[in-house]
file coords37.csv (CSV, N, CA and C atoms)
chain,number,residue,atom,x,y,z
A,218,MET,N,20.6,52.3,31.0
A,218,MET,CA,20.9,53.6,31.5
A,218,MET,C,22.4,54.0,31.2
A,219,PHE,N,23.3,53.0,31.3
A,219,PHE,CA,24.7,53.2,31.1
A,219,PHE,C,25.2,52.4,29.9
A,220,THR,N,26.2,52.8,29.2
A,220,THR,CA,26.7,52.1,28.1
A,220,THR,C,27.4,50.8,28.6
A,221,VAL,N,27.7,49.8,27.8
A,221,VAL,CA,28.3,48.6,28.2
A,221,VAL,C,29.8,48.8,28.7
A,222,THR,N,30.4,49.9,28.3
A,222,THR,CA,31.8,50.2,28.7
A,222,THR,C,31.8,51.0,30.0
A,223,SER,N,30.7,51.4,30.5
A,223,SER,CA,30.6,52.2,31.8
A,223,SER,C,30.9,51.3,33.0
A,224,ARG,N,31.6,51.9,34.0
A,224,ARG,CA,31.8,51.1,35.2
A,224,ARG,C,30.5,50.9,35.9
A,225,TYR,N,29.4,51.6,35.6
A,225,TYR,CA,28.1,51.5,36.2
A,225,TYR,C,27.2,50.6,35.5
A,226,HIS,N,27.6,50.1,34.3
A,226,HIS,CA,26.7,49.2,33.5
A,226,HIS,C,26.4,47.9,34.4
A,227,GLY,N,25.1,47.6,34.4
A,227,GLY,CA,24.7,46.4,35.1
A,227,GLY,C,24.4,46.6,36.6
A,228,ILE,N,24.7,47.8,37.1
A,228,ILE,CA,24.4,48.0,38.5
A,228,ILE,C,23.0,48.5,38.6
A,229,GLU,N,22.3,47.9,39.6
A,229,GLU,CA,20.9,48.2,39.8
A,229,GLU,C,20.6,49.7,40.1
A,230,THR,N,19.5,50.2,39.6
A,230,THR,CA,19.0,51.5,40.0
A,230,THR,C,17.9,51.3,41.0
A,231,ALA,N,17.7,52.4,41.8
A,231,ALA,CA,16.6,52.3,42.8
A,231,ALA,C,16.0,53.7,42.8
A,232,LEU,N,14.9,53.8,43.6
A,232,LEU,CA,14.2,55.1,43.7
A,232,LEU,C,14.1,55.4,45.2
A,233,HIS,N,14.4,56.7,45.4
A,233,HIS,CA,14.2,57.3,46.8
A,233,HIS,C,13.0,58.2,46.7
A,234,ARG,N,12.2,58.1,47.6
A,234,ARG,CA,11.0,59.0,47.6
A,234,ARG,C,11.2,60.1,48.7
A,235,THR,N,11.0,61.3,48.3
A,235,THR,CA,11.1,62.4,49.2
A,235,THR,C,9.9,62.4,50.2
A,236,ASP,N,9.9,63.2,51.2
A,236,ASP,CA,8.8,63.3,52.1
A,236,ASP,C,7.5,63.7,51.4
A,237,GLY,N,7.7,64.4,50.3
A,237,GLY,CA,6.5,64.8,49.5
A,237,GLY,C,6.1,63.7,48.4
A,238,GLY,N,6.8,62.6,48.4
A,238,GLY,CA,6.5,61.5,47.5
A,238,GLY,C,7.2,61.6,46.1
A,239,GLU,N,8.0,62.6,45.9
A,239,GLU,CA,8.7,62.8,44.6
A,239,GLU,C,9.8,61.7,44.5
A,240,PRO,N,9.7,60.9,43.4
A,240,PRO,CA,10.7,59.9,43.2
A,240,PRO,C,12.0,60.4,42.7
A,241,ILE,N,13.1,60.0,43.3
A,241,ILE,CA,14.5,60.4,42.8
A,241,ILE,C,15.2,59.1,42.5
A,242,PRO,N,15.5,58.9,41.2
A,242,PRO,CA,16.3,57.7,40.9
A,242,PRO,C,17.7,57.8,41.2
A,243,TYR,N,18.4,56.7,41.6
A,243,TYR,CA,19.8,56.7,41.9
A,243,TYR,C,20.4,55.3,41.5
A,244,VAL,N,21.7,55.3,41.3
A,244,VAL,CA,22.4,54.1,41.1
A,244,VAL,C,22.9,53.5,42.4
A,245,ARG,N,22.7,52.3,42.6
A,245,ARG,CA,23.1,51.7,43.9
A,245,ARG,C,24.7,51.7,43.9
A,246,ARG,N,25.2,51.4,45.1
A,246,ARG,CA,26.6,51.5,45.3
A,246,ARG,C,27.4,50.4,44.4
A,247,ARG,N,28.5,50.9,43.9
A,247,ARG,CA,29.4,50.0,43.1
A,247,ARG,C,30.5,49.5,44.0
A,248,PHE,N,30.6,48.2,44.1
A,248,PHE,CA,31.7,47.6,44.9
A,248,PHE,C,32.9,47.3,44.0
A,249,LEU,N,34.1,47.6,44.4
A,249,LEU,CA,35.2,47.3,43.5
A,249,LEU,C,35.5,45.8,43.5
A,250,PRO,N,35.9,45.2,42.4
A,250,PRO,CA,36.2,43.8,42.3
A,250,PRO,C,37.5,43.5,43.0
A,251,ASP,N,37.7,42.3,43.4
A,251,ASP,CA,39.0,41.8,43.9
A,251,ASP,C,39.9,41.7,42.7
A,252,PRO,N,41.0,42.5,42.7
A,252,PRO,CA,41.9,42.5,41.5
A,252,PRO,C,42.4,41.1,41.2
A,253,ARG,N,42.5,40.2,42.2
A,253,ARG,CA,43.0,38.8,42.0
A,253,ARG,C,42.0,38.0,41.1
A,254,THR,N,40.8,38.5,41.0
A,254,THR,CA,39.8,37.7,40.2
A,254,THR,C,39.7,38.2,38.8
A,255,LEU,N,40.4,39.3,38.4
A,255,LEU,CA,40.3,39.9,37.1
A,255,LEU,C,41.2,39.2,36.1
A,256,THR,N,40.9,39.2,34.9
A,256,THR,CA,41.7,38.6,33.8
A,256,THR,C,42.7,39.7,33.3
A,257,VAL,N,44.0,39.6,33.6
A,257,VAL,CA,45.0,40.6,33.1
A,257,VAL,C,45.3,40.3,31.7
A,258,ILE,N,45.2,41.3,30.8
A,258,ILE,CA,45.4,41.2,29.4
A,258,ILE,C,46.7,41.9,29.0
A,259,ALA,N,47.3,42.7,29.8
A,259,ALA,CA,48.5,43.4,29.5
A,259,ALA,C,49.1,44.0,30.8
A,260,VAL,N,50.3,44.4,30.7
A,260,VAL,CA,51.0,45.1,31.7
A,260,VAL,C,51.6,46.4,31.1
A,261,HIS,N,51.4,47.5,31.8
A,261,HIS,CA,51.9,48.8,31.3
A,261,HIS,C,52.9,49.3,32.3
A,262,VAL,N,54.1,49.7,31.8
A,262,VAL,CA,55.1,50.3,32.6
A,262,VAL,C,55.0,51.8,32.5
A,263,VAL,N,54.7,52.5,33.6
A,263,VAL,CA,54.5,53.9,33.7
A,263,VAL,C,55.7,54.7,33.2
A,264,ARG,N,55.4,55.7,32.3
A,264,ARG,CA,56.5,56.6,31.8
A,264,ARG,C,56.1,58.0,32.3
A,265,ASP,N,57.1,58.9,32.1
A,265,ASP,CA,56.8,60.3,32.5
A,265,ASP,C,55.6,60.8,31.7
A,266,ASP,N,54.8,61.6,32.4
A,266,ASP,CA,53.6,62.2,31.8
A,266,ASP,C,52.5,61.2,31.4
A,267,ASP,N,52.6,60.0,31.9
A,267,ASP,CA,51.4,59.0,31.6
A,267,ASP,C,50.2,59.5,32.4
A,268,ARG,N,49.0,59.2,31.8
A,268,ARG,CA,47.8,59.5,32.5
A,268,ARG,C,46.9,58.2,32.3
A,269,LEU,N,46.0,58.0,33.2
A,269,LEU,CA,45.2,56.8,33.1
A,269,LEU,C,44.3,56.8,31.9
A,270,ASP,N,43.8,57.9,31.4
A,270,ASP,CA,43.0,57.9,30.2
A,270,ASP,C,43.9,57.6,29.0
A,271,ARG,N,45.1,58.0,29.0
A,271,ARG,CA,46.0,57.7,27.8
A,271,ARG,C,46.4,56.2,27.9
A,272,ILE,N,46.6,55.7,29.0
A,272,ILE,CA,46.9,54.3,29.2
A,272,ILE,C,45.7,53.4,28.7
A,273,ALA,N,44.5,53.8,29.1
A,273,ALA,CA,43.3,53.1,28.7
A,273,ALA,C,43.1,53.2,27.2
A,274,ALA,N,43.4,54.3,26.6
A,274,ALA,CA,43.3,54.5,25.2
A,274,ALA,C,44.3,53.6,24.5
A,275,GLN,N,45.5,53.5,25.0
A,275,GLN,CA,46.5,52.7,24.4
A,275,GLN,C,46.2,51.2,24.4
A,276,HIS,N,45.7,50.7,25.6
A,276,HIS,CA,45.6,49.3,25.8
A,276,HIS,C,44.1,48.8,25.6
A,277,LEU,N,43.1,49.7,25.8
A,277,LEU,CA,41.7,49.3,25.7
A,277,LEU,C,41.0,50.0,24.6
A,278,ASN,N,41.7,50.9,23.9
A,278,ASN,CA,41.1,51.6,22.7
A,278,ASN,C,40.0,52.5,23.2
A,279,ASP,N,40.0,53.0,24.4
A,279,ASP,CA,38.9,53.9,24.9
A,279,ASP,C,39.4,54.6,26.1
A,280,PRO,N,39.7,55.9,26.1
A,280,PRO,CA,40.2,56.6,27.2
A,280,PRO,C,39.2,56.6,28.4
A,281,GLU,N,37.9,56.5,28.1
A,281,GLU,CA,36.9,56.5,29.2
A,281,GLU,C,36.9,55.2,30.0
A,282,ARG,N,37.7,54.2,29.6
A,282,ARG,CA,37.7,53.0,30.4
A,282,ARG,C,38.9,53.0,31.4
A,283,PHE,N,39.4,54.2,31.7
A,283,PHE,CA,40.5,54.4,32.7
A,283,PHE,C,40.2,53.6,34.0
A,284,TRP,N,38.9,53.5,34.3
A,284,TRP,CA,38.4,52.9,35.6
A,284,TRP,C,38.9,51.4,35.6
A,285,GLN,N,39.0,50.7,34.4
A,285,GLN,CA,39.5,49.4,34.4
A,285,GLN,C,40.9,49.2,34.9
A,286,VAL,N,41.7,50.2,34.6
A,286,VAL,CA,43.1,50.2,35.0
A,286,VAL,C,43.1,50.5,36.6
A,287,ALA,N,42.3,51.4,37.0
A,287,ALA,CA,42.2,51.6,38.5
A,287,ALA,C,41.7,50.4,39.2
A,288,ASP,N,40.7,49.7,38.7
A,288,ASP,CA,40.1,48.5,39.4
A,288,ASP,C,41.2,47.5,39.5
A,289,ALA,N,42.1,47.3,38.5
A,289,ALA,CA,43.1,46.2,38.5
A,289,ALA,C,44.3,46.6,39.4
A,290,ASN,N,44.4,47.8,39.8
A,290,ASN,CA,45.5,48.3,40.6
A,290,ASN,C,45.0,49.2,41.7
A,291,PRO,N,44.4,48.6,42.7
A,291,PRO,CA,43.8,49.4,43.8
A,291,PRO,C,44.7,50.2,44.6
A,292,VAL,N,44.4,51.5,44.7
A,292,VAL,CA,45.0,52.5,45.5
A,292,VAL,C,43.9,53.4,46.0
A,293,LEU,N,44.2,54.2,47.0
A,293,LEU,CA,43.2,55.1,47.5
A,293,LEU,C,43.0,56.3,46.6
A,294,ASP,N,44.2,56.8,46.0
A,294,ASP,CA,44.1,57.9,45.1
A,294,ASP,C,44.6,57.4,43.7
A,295,PRO,N,43.7,57.5,42.7
A,295,PRO,CA,44.1,57.0,41.4
A,295,PRO,C,45.4,57.7,40.8
A,296,ALA,N,45.6,58.9,41.2
A,296,ALA,CA,46.8,59.7,40.8
A,296,ALA,C,48.1,59.0,41.1
A,297,ASP,N,48.0,58.2,42.2
A,297,ASP,CA,49.2,57.4,42.6
A,297,ASP,C,49.7,56.4,41.6
A,298,LEU,N,48.7,55.9,40.8
A,298,LEU,CA,49.1,54.9,39.8
A,298,LEU,C,50.1,55.4,38.7
A,299,THR,N,50.1,56.7,38.4
A,299,THR,CA,51.0,57.2,37.4
A,299,THR,C,52.0,58.2,38.0
A,300,ALA,N,52.1,58.2,39.3
A,300,ALA,CA,53.0,59.2,40.0
A,300,ALA,C,54.4,58.8,39.9
A,301,ARG,N,54.7,57.5,39.8
A,301,ARG,CA,56.1,57.0,39.8
A,301,ARG,C,56.4,56.3,38.5
A,302,ARG,N,57.4,56.8,37.9
A,302,ARG,CA,57.9,56.2,36.6
A,302,ARG,C,58.4,54.8,36.9
A,303,GLY,N,58.1,53.9,36.0
A,303,GLY,CA,58.6,52.5,36.2
A,303,GLY,C,57.6,51.6,36.9
A,304,ARG,N,56.5,52.1,37.5
A,304,ARG,CA,55.5,51.3,38.1
A,304,ARG,C,54.8,50.4,37.1
A,305,ARG,N,54.6,49.2,37.4
A,305,ARG,CA,53.9,48.2,36.5
A,305,ARG,C,52.4,48.2,36.9
A,306,LEU,N,51.6,48.5,35.9
A,306,LEU,CA,50.2,48.5,36.0
A,306,LEU,C,49.6,47.3,35.3
A,307,ASP,N,48.7,46.5,35.9
A,307,ASP,CA,48.0,45.5,35.2
A,307,ASP,C,46.8,46.2,34.5
A,308,ILE,N,46.6,45.7,33.3
A,308,ILE,CA,45.5,46.1,32.4
A,308,ILE,C,44.6,44.9,32.4
A,309,ALA,N,43.4,45.0,32.9
A,309,ALA,CA,42.5,43.8,33.1
A,309,ALA,C,41.1,44.1,32.5
A,310,LEU,N,40.5,43.0,32.2
A,310,LEU,CA,39.1,43.0,31.7
A,310,LEU,C,38.2,43.3,32.9
A,311,PRO,N,37.1,44.0,32.7
A,311,PRO,CA,36.1,44.2,33.8
A,311,PRO,C,35.5,42.9,34.2
A,312,THR,N,35.0,42.9,35.4
A,312,THR,CA,34.5,41.6,36.0
A,312,THR,C,33.5,41.0,35.1
A,313,ALA,N,32.6,41.8,34.5
A,313,ALA,CA,31.5,41.2,33.7
A,313,ALA,C,32.0,40.5,32.5
A,314,THR,N,33.2,40.8,32.0
A,314,THR,CA,33.7,40.1,30.8
A,314,THR,C,35.0,39.2,31.1
A,315,ALA,N,35.3,39.1,32.4
A,315,ALA,CA,36.5,38.3,32.7
A,315,ALA,C,36.5,36.9,32.0
A,316,GLY,N,37.6,36.6,31.4
A,316,GLY,CA,37.7,35.3,30.7
A,316,GLY,C,37.2,35.4,29.3
A,317,ARG,N,36.6,36.5,28.9
A,317,ARG,CA,36.1,36.6,27.5
A,317,ARG,C,36.8,37.8,26.8
A,318,PRO,N,38.0,37.6,26.3
A,318,PRO,CA,38.8,38.7,25.8
A,318,PRO,C,38.1,39.4,24.6
A,319,HIS,N,37.2,38.7,23.9
A,319,HIS,CA,36.6,39.3,22.7
A,319,HIS,C,35.3,40.0,23.1
A,320,GLY,N,35.0,40.0,24.4
A,320,GLY,CA,33.7,40.6,24.9
A,320,GLY,C,33.9,42.0,25.3
A,321,PHE,N,35.1,42.6,25.2
A,321,PHE,CA,35.2,44.0,25.6
A,321,PHE,C,35.4,44.9,24.5
call {"tool": "encode", "arguments": {"input": "coords37.csv", "output": "structure tokens"}}
result
Amino acid sequence: MFTVTSRYHGIETALHRTDGGEPIPYVRRRFLPDPRTLTVIAVHVVRDDDRLDRIAAQHLNDPERFWQVADANPVLDPADLTARRGRRLDIALPTATAGRPHGF
């Protein structure tokens, strides 16, 4: 259902049935990984006008993998990650490929 680079890849899908019996598929809840368990492959120092998609493109070769940067640097608001120049962001492999740098 999702590509291997999606944050939802590998998460179970389920069906909800309405009162009329109509099935409605949905993706089960995604729990964030403990950042201490992730394999850090780089560190990025935030510059003026940085954005998570650009950081992901630079380090992971795919702007849609911005979620990996967010997973490795937990905050309530992802905008906080690039709000302050000089902040150091860990760039990590997703949980499913931790320890396998050629698997991403």
call {"tool": "residues_around", "arguments": {"input": "coords37.csv", "residues": "range 239-249 of chain A", "least_positions_apart": "4", "cutoff": "6 Å", "atoms": "all atoms listed in the file", "output": "PyMOL selection string"}}
result
chain A and resi 228-235
call {"tool": "write_last_selection", "arguments": {"input": "coords37.csv", "atoms": "N, CA and C atoms", "output": "PDB file, in the coordinates of the input"}}
result
ATOM      1  N   ILE A 228      24.700  47.800  37.100  1.00  0.00           N
ATOM      2  CA  ILE A 228      24.400  48.000  38.500  1.00  0.00           C
ATOM      3  C   ILE A 228      23.000  48.500  38.600  1.00  0.00           C
ATOM      4  N   GLU A 229      22.300  47.900  39.600  1.00  0.00           N
ATOM      5  CA  GLU A 229      20.900  48.200  39.800  1.00  0.00           C
ATOM      6  C   GLU A 229      20.600  49.700  40.100  1.00  0.00           C
ATOM      7  N   THR A 230      19.500  50.200  39.600  1.00  0.00           N
ATOM      8  CA  THR A 230      19.000  51.500  40.000  1.00  0.00           C
ATOM      9  C   THR A 230      17.900  51.300  41.000  1.00  0.00           C
ATOM     10  N   ALA A 231      17.700  52.400  41.800  1.00  0.00           N
ATOM     11  CA  ALA A 231      16.600  52.300  42.800  1.00  0.00           C
ATOM     12  C   ALA A 231      16.000  53.700  42.800  1.00  0.00           C
ATOM     13  N   LEU A 232      14.900  53.800  43.600  1.00  0.00           N
ATOM     14  CA  LEU A 232      14.200  55.100  43.700  1.00  0.00           C
ATOM     15  C   LEU A 232      14.100  55.400  45.200  1.00  0.00           C
ATOM     16  N   HIS A 233      14.400  56.700  45.400  1.00  0.00           N
ATOM     17  CA  HIS A 233      14.200  57.300  46.800  1.00  0.00           C
ATOM     18  C   HIS A 233      13.000  58.200  46.700  1.00  0.00           C
ATOM     19  N   ARG A 234      12.200  58.100  47.600  1.00  0.00           N
ATOM     20  CA  ARG A 234      11.000  59.000  47.600  1.00  0.00           C
ATOM     21  C   ARG A 234      11.200  60.100  48.700  1.00  0.00           C
ATOM     22  N   THR A 235      11.000  61.300  48.300  1.00  0.00           N
ATOM     23  CA  THR A 235      11.100  62.400  49.200  1.00  0.00           C
ATOM     24  C   THR A 235       9.900  62.400  50.200  1.00  0.00           C
TER      25      THR A 235
END
call {"tool": "select_by_dssp", "arguments": {"input": "coords37.csv", "residues": "chain A", "states": "strand (DSSP E)", "output": "list in words"}}
result
Thr230, Ala231, Leu232, His233, Arg234, Pro240, Ile241, Pro242, Tyr243, Val244, Val257, Ile258, Ala259, Val260, His261, Val262, Arg305, Leu306, Asp307, Ile308 and Ala309 of chain A
call {"tool": "select_by_dssp", "arguments": {"input": "coords37.csv", "residues": "chain A", "states": "helix (DSSP H, G or I)", "output": "NGL selection string"}}
result
:A and (252-254 or 269-277 or 280-289 or 295-299 or 312-314 or 318-320)
call {"tool": "closest_residue", "arguments": {"input": "coords37.csv", "among": "A:Arg224, A:Met218, A:Leu293, A:Gly237", "to": "Glu281 in chain A", "atoms": "all atoms listed in the file"}}
result
A:Arg224
call {"tool": "residues_around", "arguments": {"input": "coords37.csv", "residues": "Ala289 in chain A", "least_positions_apart": "6", "cutoff": "10 Å", "atoms": "only C-alpha atoms", "output": "VMD selection string"}}
result
chain A and resid 249 to 257 306 to 311
call {"tool": "residues_around", "arguments": {"input": "coords37.csv", "residues": "Phe283 in chain A", "least_positions_apart": "6", "cutoff": "6 Å", "atoms": "only C-alpha atoms", "output": "ChimeraX atom specification"}}
result
/A:269-270,273
call {"tool": "closest_residue", "arguments": {"input": "coords37.csv", "among": "A:Val263, A:Pro280, A:Gly238, A:His226", "to": "Arg302 in chain A", "atoms": "all atoms listed in the file"}}
result
A:Val263
call {"tool": "atom_distance", "arguments": {"input": "coords37.csv", "atom1": "CA of Asp279 in chain A", "atom2": "CA of Gly303 in chain A"}}
result
22.8 Å
call {"tool": "atom_distance", "arguments": {"input": "coords37.csv", "atom1": "CA of Arg282 in chain A", "atom2": "atom C of Val221 in chain A"}}
result
9.1 Å
call {"tool": "decode", "arguments": {"input": "coords37.csv", "residues": "range 297-308 of chain A", "atoms": "all heavy atoms", "output": "compact mmCIF listing (two decimals), in the first residue's frame"}}
result
# COMPACT_ATOMS: atom_id res chain seq x y z
N ASP A 297 9.92 23.65 14.65
CA ASP A 297 10.93 24.02 15.64
C ASP A 297 12.32 23.50 15.25
O ASP A 297 13.32 24.07 15.66
CB ASP A 297 10.57 23.46 17.02
CG ASP A 297 9.37 24.14 17.65
OD1 ASP A 297 8.98 25.23 17.17
OD2 ASP A 297 8.82 23.58 18.62
N LEU A 298 12.38 22.44 14.47
CA LEU A 298 13.67 21.86 14.10
C LEU A 298 14.53 22.80 13.27
O LEU A 298 15.76 22.77 13.36
CB LEU A 298 13.47 20.54 13.35
CG LEU A 298 12.84 19.42 14.17
CD1 LEU A 298 12.57 18.21 13.28
CD2 LEU A 298 13.73 19.04 15.35
N THR A 299 13.90 23.64 12.48
CA THR A 299 14.66 24.56 11.62
C THR A 299 14.48 26.02 12.03
O THR A 299 14.93 26.92 11.32
CB THR A 299 14.24 24.38 10.15
OG1 THR A 299 12.83 24.57 10.03
CG2 THR A 299 14.64 23.01 9.63
N ALA A 300 13.86 26.26 13.16
CA ALA A 300 13.57 27.63 13.58
C ALA A 300 14.81 28.38 14.09
O ALA A 300 14.85 29.61 14.06
CB ALA A 300 12.49 27.63 14.67
N ARG A 301 15.81 27.64 14.56
CA ARG A 301 16.98 28.28 15.16
C ARG A 301 18.25 27.91 14.41
O ARG A 301 18.61 26.74 14.32
CB ARG A 301 17.10 27.87 16.63
CG ARG A 301 18.25 28.53 17.37
CD ARG A 301 18.26 28.18 18.85
NE ARG A 301 18.10 26.77 19.14
CZ ARG A 301 19.10 25.89 19.20
NH1 ARG A 301 20.34 26.28 18.97
NH2 ARG A 301 18.87 24.63 19.48
N ARG A 302 18.89 28.90 13.86
CA ARG A 302 20.16 28.70 13.16
C ARG A 302 21.19 28.12 14.13
O ARG A 302 21.26 28.52 15.29
CB ARG A 302 20.64 30.05 12.64
CG ARG A 302 21.86 29.98 11.82
CD ARG A 302 22.20 31.35 11.28
NE ARG A 302 23.40 31.25 10.50
CZ ARG A 302 24.27 32.22 10.37
NH1 ARG A 302 24.06 33.38 10.94
NH2 ARG A 302 25.34 32.05 9.65
N GLY A 303 21.95 27.15 13.65
CA GLY A 303 22.99 26.54 14.48
C GLY A 303 22.56 25.28 15.19
O GLY A 303 23.39 24.57 15.76
N ARG A 304 21.26 25.00 15.19
CA ARG A 304 20.78 23.76 15.84
C ARG A 304 21.36 22.56 15.10
O ARG A 304 21.42 22.52 13.88
CB ARG A 304 19.26 23.70 15.81
CG ARG A 304 18.74 22.46 16.50
CD ARG A 304 17.23 22.37 16.47
NE ARG A 304 16.83 21.16 17.16
CZ ARG A 304 15.80 21.07 17.95
NH1 ARG A 304 15.03 22.12 18.15
NH2 ARG A 304 15.50 19.93 18.52
N ARG A 305 21.77 21.56 15.86
CA ARG A 305 22.33 20.34 15.27
C ARG A 305 21.23 19.28 15.20
O ARG A 305 20.62 18.96 16.21
CB ARG A 305 23.50 19.84 16.11
CG ARG A 305 24.65 20.85 16.15
CD ARG A 305 25.75 20.45 17.12
NE ARG A 305 26.39 19.20 16.77
CZ ARG A 305 27.38 19.06 15.88
NH1 ARG A 305 27.82 20.14 15.24
NH2 ARG A 305 27.91 17.89 15.63
N LEU A 306 21.01 18.78 13.98
CA LEU A 306 19.98 17.76 13.76
C LEU A 306 20.64 16.43 13.40
O LEU A 306 21.49 16.38 12.51
CB LEU A 306 19.05 18.18 12.62
CG LEU A 306 18.27 19.47 12.80
CD1 LEU A 306 17.47 19.77 11.53
CD2 LEU A 306 17.37 19.38 14.01
N ASP A 307 20.23 15.38 14.07
CA ASP A 307 20.68 14.05 13.69
C ASP A 307 19.93 13.62 12.45
O ASP A 307 18.72 13.84 12.32
CB ASP A 307 20.41 13.03 14.81
CG ASP A 307 21.34 13.20 15.99
OD1 ASP A 307 22.42 13.80 15.82
OD2 ASP A 307 20.99 12.72 17.08
N ILE A 308 20.63 12.99 11.53
CA ILE A 308 20.03 12.37 10.36
C ILE A 308 20.20 10.88 10.58
O ILE A 308 21.32 10.39 10.73
CB ILE A 308 20.74 12.80 9.05
CG1 ILE A 308 20.89 14.32 8.97
CG2 ILE A 308 20.02 12.22 7.84
CD1 ILE A 308 19.61 15.10 8.95
